[in-house]
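One structure is given below, encoded as structure tokens.
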Amino acid sequence: MTSIAVSVNHVTFGFGRREVLKDLSLDIPAGTAFGLLGPNGAGKTTLIRLLVGLLRPKSGDIHIMGQLISRKKSPFIGYMPQLQSLYGELTVLQNVDFFAHIYRLHDNAKRAQQVEKALKLVDLWGRRDDAVQNLSGGMKQRTSLACAIVHSPPLLFLDEPTVGLDPELRASFWEFFSSLTKQGTTLVISSHTMDDAAHCDRLGFIRDGKVIAEGTPDELRLATGSPRASLEDAFLYFVRRGKETPDD
Amino acid sequence: MTDAVWTIAKRVITQIRRDHRTLAMILVVPLVVMTLIGLSFPDLKVLDYIAPALLAALAFFFGFLLTGISFLRERSQGTMERLTVSPVTRLDIVVGYLFGFFVFALIQTLIILFYTIYVFDITYRGQLWEILVFQVAVIIGAVNLGIFISSFARNEFQMVQFIPLVILPQMFMGGLLWPVEQMPDYLQWFAHILPLTYAVDGMREIMLTGKGLPDVWVDLAVLAGFAVLTSVLAALTLRKGPGG
Ligand SMILES: Nc1ncnc2c1ncn2[C@@H]1O[C@H](COP(=O)(O)OP(=O)(O)OP(=O)(O)O)[C@@H](O)[C@H]1O
Ligand SMILES: [Mg+2]
């Protein structure tokens, strides 16, 4: 039996008057790469910010590893925000080392080892002494990922980690992500590209703050009724179906 | 002091140290300001009298400015979001920043103090170390106030608007230019809630009448209380990142 890493139950959230998430429910099994797919403004970032505890739901609740979210869980969570949230003046190494410290890797030898491992995984070991502000966009993106994974959290929330990456790096990122899930790490990844979607174990299609469909990529494609359908077709299929049967 | 506090303080210091232009300005601006102010006094006797209040006010001003702007940047660049998600507590963050910024605010204060004492050669009473300890209390309050106030600003432009709001009333009502007792009664109570009033009063007591720290304990206690209050308030308002 697979356990549930993240469970979202009837969550509603809004900024002021604007309802952003509407009665959203979702279960994310442990040890899977779960893709949150949806267009701009669908509510992916908002959902992730709720999951990491930056925002609080207006109603409904969120369980992380079987418990209501609380600060106690923070050491087990890695978070890569959509914005490259880094210290521009500091070097790549200083940024990653700072977050390693913050996530309580106090032992110097152990920390140095973890930092090196993270930097090698994102292929920035050779640029470790460059100031982050002098890096290219994709390199900043990779530094940001290294900061999120340096403490080897069992639960990782990545908000559009592959944006701005070249195809080669994108492929190597996905290789790395699947090696993580093999070790039991749960990944929650937002994206709008169907290329990313195909790599995920499970997908949630999100539109206008609702989950319009959820399942494995194959299940979602086959649900359209045509075996040749792409994930893009599947997304459009569920969007249209949602419009035919309005539920609010 | 927890490990997180030290880590954050060290990072703040490294960050400013690596930004050479900012570092140079932190060191040069107080010198330029003090030179201009000092030279503008026709009579050095007047400077003797005004110096204690001026030292307190400049320490407060520079400490507030440095922190308010840098802390805001932390939020707008999104790194604060990462910190609040991590296991560090809000108080760790505030105290970490306090220590980090304190180093630079202290350097600025020392520059102004020694420059005034040795280059402008003012006559003062009181012990130098007591003046220093008192100034430390002033800076801690100012740095904390900067952290606290910056959580009400969403961008640099708004933060800049807070500077005159926080600084100018204190300059005019804090006893810097004329004694608080000469202001209308209804404004005196207001002067007594301004930290600069106590900073100016304490510095005058020490430098003009030669009193010691035990004699200005009320001023010190108020400044310490102010520092604690602002750091707690700063920790409570911390999560107000952009859009959160
Ligand atoms: N701080 C905020 N204040 C007000 N509204 C916000 C705020 N942040 C997001 N929103 C609104 O919430 C909705 C969902 O935004 P969100 O950032 O979650 O979308 P997203 O799915 O991540 O989009 P993208 O693919 O562009 O990243 C949008 O309509 C957006 O305008
Ligand atoms: Mg987003």
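Starting from 1 in every chain, residues are counted up; chains themselves are A, B, ... following the order of the structure tokens, and ligands are numbered from 1 as listed.
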Can you write out as CSV which residues of chain B fall within 6 Å of chain A, alongside each residue's closest atom pair and its distance in Å to one decimal, counting only C-alpha atoms and ordering rows by chain and ascending residue number?
residue,atom,partner,partner_atom,distance
B:Gln15,CA,A:Glu89,CA,5.8
B:Gln77,CA,A:Ser85,CA,5.9
B:Gly78,CA,A:Ser85,CA,4.7
B:Thr79,CA,A:Ser85,CA,4.7
B:Ser86,CA,A:Ser74,CA,5.5
B:Pro87,CA,A:Ser74,CA,5.3
Go ahead and save the picked residues with N, CA and C atoms, as a short mmCIF file (atom, residue, chain, number, x, y, z; two decimals), in the first residue's frame.
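Output contents, as saved in selection_19.cif:
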data_model
loop_
_atom_site.label_atom_id
_atom_site.label_comp_id
_atom_site.auth_asym_id
_atom_site.auth_seq_id
_atom_site.Cartn_x
_atom_site.Cartn_y
_atom_site.Cartn_z
N GLN B 15 27.39 39.44 2.50
CA GLN B 15 26.70 40.05 1.37
C GLN B 15 27.11 41.51 1.19
N GLN B 77 13.18 40.31 -3.24
CA GLN B 77 13.87 39.36 -4.11
C GLN B 77 13.45 37.92 -3.82
N GLY B 78 12.58 37.71 -2.84
CA GLY B 78 12.00 36.39 -2.63
C GLY B 78 12.78 35.47 -1.69
N THR B 79 13.92 35.92 -1.21
CA THR B 79 14.71 35.03 -0.34
C THR B 79 14.05 34.89 1.04
N SER B 86 11.74 27.58 5.86
CA SER B 86 12.78 26.74 6.47
C SER B 86 12.56 26.58 7.98
N PRO B 87 13.35 25.73 8.63
CA PRO B 87 13.14 25.51 10.07
C PRO B 87 13.50 26.70 10.97
#
What do you get as an mmCIF file with N, CA and C atoms, in the first residue's frame if you pick all residues at most 12 Å from ligand 2, counting only C-alpha atoms and all ligand atoms?
data_model
loop_
_atom_site.group_PDB
_atom_site.id
_atom_site.type_symbol
_atom_site.label_atom_id
_atom_site.label_comp_id
_atom_site.auth_asym_id
_atom_site.auth_seq_id
_atom_site.Cartn_x
_atom_site.Cartn_y
_atom_site.Cartn_z
ATOM 1 N N LEU A 36 1.798 19.342 -11.424
ATOM 2 C CA LEU A 36 0.648 20.245 -11.407
ATOM 3 C C LEU A 36 0.690 20.994 -12.730
ATOM 4 N N LEU A 37 -0.262 20.668 -13.590
ATOM 5 C CA LEU A 37 -0.252 21.234 -14.930
ATOM 6 C C LEU A 37 -1.381 22.219 -15.093
ATOM 7 N N GLY A 38 -1.100 23.340 -15.695
ATOM 8 C CA GLY A 38 -2.189 24.278 -15.928
ATOM 9 C C GLY A 38 -1.675 25.563 -16.520
ATOM 10 N N PRO A 39 -2.566 26.343 -17.137
ATOM 11 C CA PRO A 39 -2.142 27.589 -17.790
ATOM 12 C C PRO A 39 -1.734 28.662 -16.779
ATOM 13 N N ASN A 40 -1.218 29.767 -17.294
ATOM 14 C CA ASN A 40 -0.876 30.913 -16.434
ATOM 15 C C ASN A 40 -2.085 31.322 -15.607
ATOM 16 N N GLY A 41 -1.858 31.546 -14.338
ATOM 17 C CA GLY A 41 -2.934 32.034 -13.488
ATOM 18 C C GLY A 41 -3.889 30.953 -13.010
ATOM 19 N N ALA A 42 -3.580 29.698 -13.284
ATOM 20 C CA ALA A 42 -4.477 28.614 -12.876
ATOM 21 C C ALA A 42 -4.504 28.462 -11.358
ATOM 22 N N GLY A 43 -3.411 28.840 -10.702
ATOM 23 C CA GLY A 43 -3.352 28.703 -9.250
ATOM 24 C C GLY A 43 -2.293 27.726 -8.785
ATOM 25 N N LYS A 44 -1.373 27.359 -9.664
ATOM 26 C CA LYS A 44 -0.335 26.381 -9.308
ATOM 27 C C LYS A 44 0.586 26.918 -8.210
ATOM 28 N N THR A 45 1.100 28.135 -8.435
ATOM 29 C CA THR A 45 1.998 28.724 -7.438
ATOM 30 C C THR A 45 1.277 28.916 -6.112
ATOM 31 N N THR A 46 0.040 29.398 -6.185
ATOM 32 C CA THR A 46 -0.740 29.606 -4.965
ATOM 33 C C THR A 46 -0.902 28.294 -4.210
ATOM 34 N N LEU A 47 -1.198 27.214 -4.939
ATOM 35 C CA LEU A 47 -1.362 25.911 -4.294
ATOM 36 C C LEU A 47 -0.047 25.478 -3.625
ATOM 37 N N ILE A 48 1.054 25.629 -4.332
ATOM 38 C CA ILE A 48 2.345 25.223 -3.745
ATOM 39 C C ILE A 48 2.663 26.064 -2.508
ATOM 40 N N ARG A 49 2.355 27.364 -2.576
ATOM 41 C CA ARG A 49 2.629 28.214 -1.407
ATOM 42 C C ARG A 49 1.757 27.820 -0.216
ATOM 43 N N MET A 80 11.467 25.155 -3.954
ATOM 44 C CA MET A 80 12.098 25.999 -4.953
ATOM 45 C C MET A 80 11.041 26.942 -5.495
ATOM 46 N N PRO A 81 11.086 28.222 -5.115
ATOM 47 C CA PRO A 81 10.061 29.159 -5.569
ATOM 48 C C PRO A 81 10.177 29.424 -7.071
ATOM 49 N N GLN A 82 9.080 29.962 -7.630
ATOM 50 C CA GLN A 82 9.083 30.247 -9.068
ATOM 51 C C GLN A 82 10.091 31.350 -9.406
ATOM 52 N N LEU A 83 10.161 32.352 -8.540
ATOM 53 C CA LEU A 83 11.180 33.392 -8.706
ATOM 54 C C LEU A 83 12.518 32.833 -8.241
ATOM 55 N N LEU A 158 8.653 21.974 -6.251
ATOM 56 C CA LEU A 158 9.417 22.725 -7.241
ATOM 57 C C LEU A 158 8.456 23.496 -8.140
ATOM 58 N N ASP A 159 8.538 24.818 -8.076
ATOM 59 C CA ASP A 159 7.629 25.644 -8.870
ATOM 60 C C ASP A 159 8.303 26.016 -10.187
ATOM 61 N N GLU A 160 7.911 25.336 -11.233
ATOM 62 C CA GLU A 160 8.449 25.510 -12.581
ATOM 63 C C GLU A 160 9.977 25.420 -12.625
ATOM 64 N N PRO A 161 10.496 24.266 -12.226
ATOM 65 C CA PRO A 161 11.956 24.131 -12.165
ATOM 66 C C PRO A 161 12.624 24.083 -13.539
ATOM 67 N N VAL A 163 11.757 25.826 -16.317
ATOM 68 C CA VAL A 163 11.628 27.019 -17.160
ATOM 69 C C VAL A 163 13.003 27.603 -17.463
ATOM 70 N N ILE A 189 5.741 19.059 -8.758
ATOM 71 C CA ILE A 189 6.363 19.930 -9.747
ATOM 72 C C ILE A 189 5.303 20.654 -10.550
ATOM 73 N N SER A 190 5.373 21.963 -10.612
ATOM 74 C CA SER A 190 4.417 22.674 -11.451
ATOM 75 C C SER A 190 5.061 22.977 -12.794
ATOM 76 N N SER A 191 4.225 23.067 -13.793
ATOM 77 C CA SER A 191 4.745 23.314 -15.140
ATOM 78 C C SER A 191 3.598 23.689 -16.045
ATOM 79 N N HIS A 192 3.899 24.344 -17.197
ATOM 80 C CA HIS A 192 2.850 24.357 -18.217
ATOM 81 C C HIS A 192 3.259 23.621 -19.465
ATOM 82 N N ILE A 206 -4.874 21.524 -13.639
ATOM 83 C CA ILE A 206 -5.500 22.586 -12.853
ATOM 84 C C ILE A 206 -5.920 23.716 -13.770
#
Problem - Distance query segment 25-42 of chain B at most 12 Å, only C-alpha atoms, self and fewer than 5 positions along chain excluded, as a PyMOL selection string - result: chain B and resi 16-17+19-20+47-51+54-55+57-59+61-63+65-67+101+103-117+119-122
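Taking only C-alpha atoms and all ligand atoms into account, ligand 1 lies nearest to B:Arg154 out of the set B:Arg204, B:His192, B:Arg154, B:Lys10.
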Problem - Distance query Leu145 of chain B at most 9 Å, only C-alpha atoms, self and fewer than 5 positions along chain excluded, as a ChimeraX atom specification - result: /B:63-64,67-68,140,150,226-227,230-231,234
Practice task
Once DSSP has gone over the backbone, tell me which residues of segment 91-223 of chain B are in helix (DSSP H, G or I), as a PyMOL selection string.
Solution key: chain B and resi 91-119+128-150+156-173+180-182+185-191+195-209+213-223
Handout entry: Atomic distance atom CA of Thr185 of chain A - atom CA of Arg82 of chain B, expressed in Å with one decimal
Key =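 Spanning atom CA of Thr185 of chain A to atom CA of Arg82 of chain B is a straight-line distance of 19.9 Å.
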Exercise for the section: In Å, rounded to a single decimal, give me how far atom CA of Phe177 of chain A is from atom CA of Glu116 of chain A. Expected result: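 Separation of atom CA of Glu116 of chain A and atom CA of Phe177 of chain A: 17.8 Å.
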Exercise for the section: Might you pull out every residue within 12 Å of Lys58 of chain A, with only C-alpha atoms counted and same-chain residues fewer than 5 positions away left off, and present them as a ChimeraX atom specification? Expected result: /A:9-17,19-24,50
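Atom CA of Lys117 of chain A is positioned 7.9 Å from atom CA of Val150 of chain A.
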Practice task
Point out the residue among A:Ser230, A:Ser172, A:Thr216, A:Thr193 with the least atom-to-atom distance to ligand 1, counting only C-alpha atoms and all ligand atoms.
Solution key: A:Thr193
Exercise for the section: Would you please work out which residue, of B:Ile13, B:Gln135, B:Ser76, B:Ala56, is nearest to ligand 1 when using only C-alpha atoms and all ligand atoms? Expected result: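 Nearest to ligand 1: B:Ser76.
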Exercise for the section: Choose the residue, out of A:Met65, A:Ile149, A:Arg240, A:Ala223, that has the smallest atom-to-atom separation from Phe176 of chain A; count only C-alpha atoms. Expected result: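 Among the listed residues, the smallest separation from Phe176 of chain A belongs to A:Ile149.
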Practice task
For Asp233 of chain A, please output as a PyMOL selection string all residues within 10 Å (counting only C-alpha atoms; exclusion window: fewer than 5 positions along the same chain).
Solution key: chain A and resi 220-221+224+226+228+238-239
Handout entry: All residues 9 Å or closer to Thr2 of chain B, only C-alpha atoms, same chain fewer than 4 positions away omitted, as a ChimeraX atom specification
Key = /B:6-7,92
Output file for the residues above (N, CA, C and O atoms, as a compact mmCIF listing (two decimals), in the first residue's frame):
# COMPACT_ATOMS: atom_id res chain seq x y z
N TRP B 6 23.45 33.10 14.01
CA TRP B 6 24.82 33.35 13.59
C TRP B 6 24.96 33.18 12.08
O TRP B 6 25.62 33.98 11.40
N THR B 7 24.33 32.13 11.54
CA THR B 7 24.40 31.88 10.09
C THR B 7 23.83 33.06 9.32
O THR B 7 24.40 33.51 8.32
N ASP B 92 14.71 34.16 15.09
CA ASP B 92 16.07 33.88 14.59
C ASP B 92 16.41 34.85 13.45
O ASP B 92 17.50 35.41 13.39
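Taking only C-alpha atoms into account, Asp195 of chain A lies nearest to A:Pro217 out of the set A:Pro29, A:Pro217, A:Gly138, A:Gly126.
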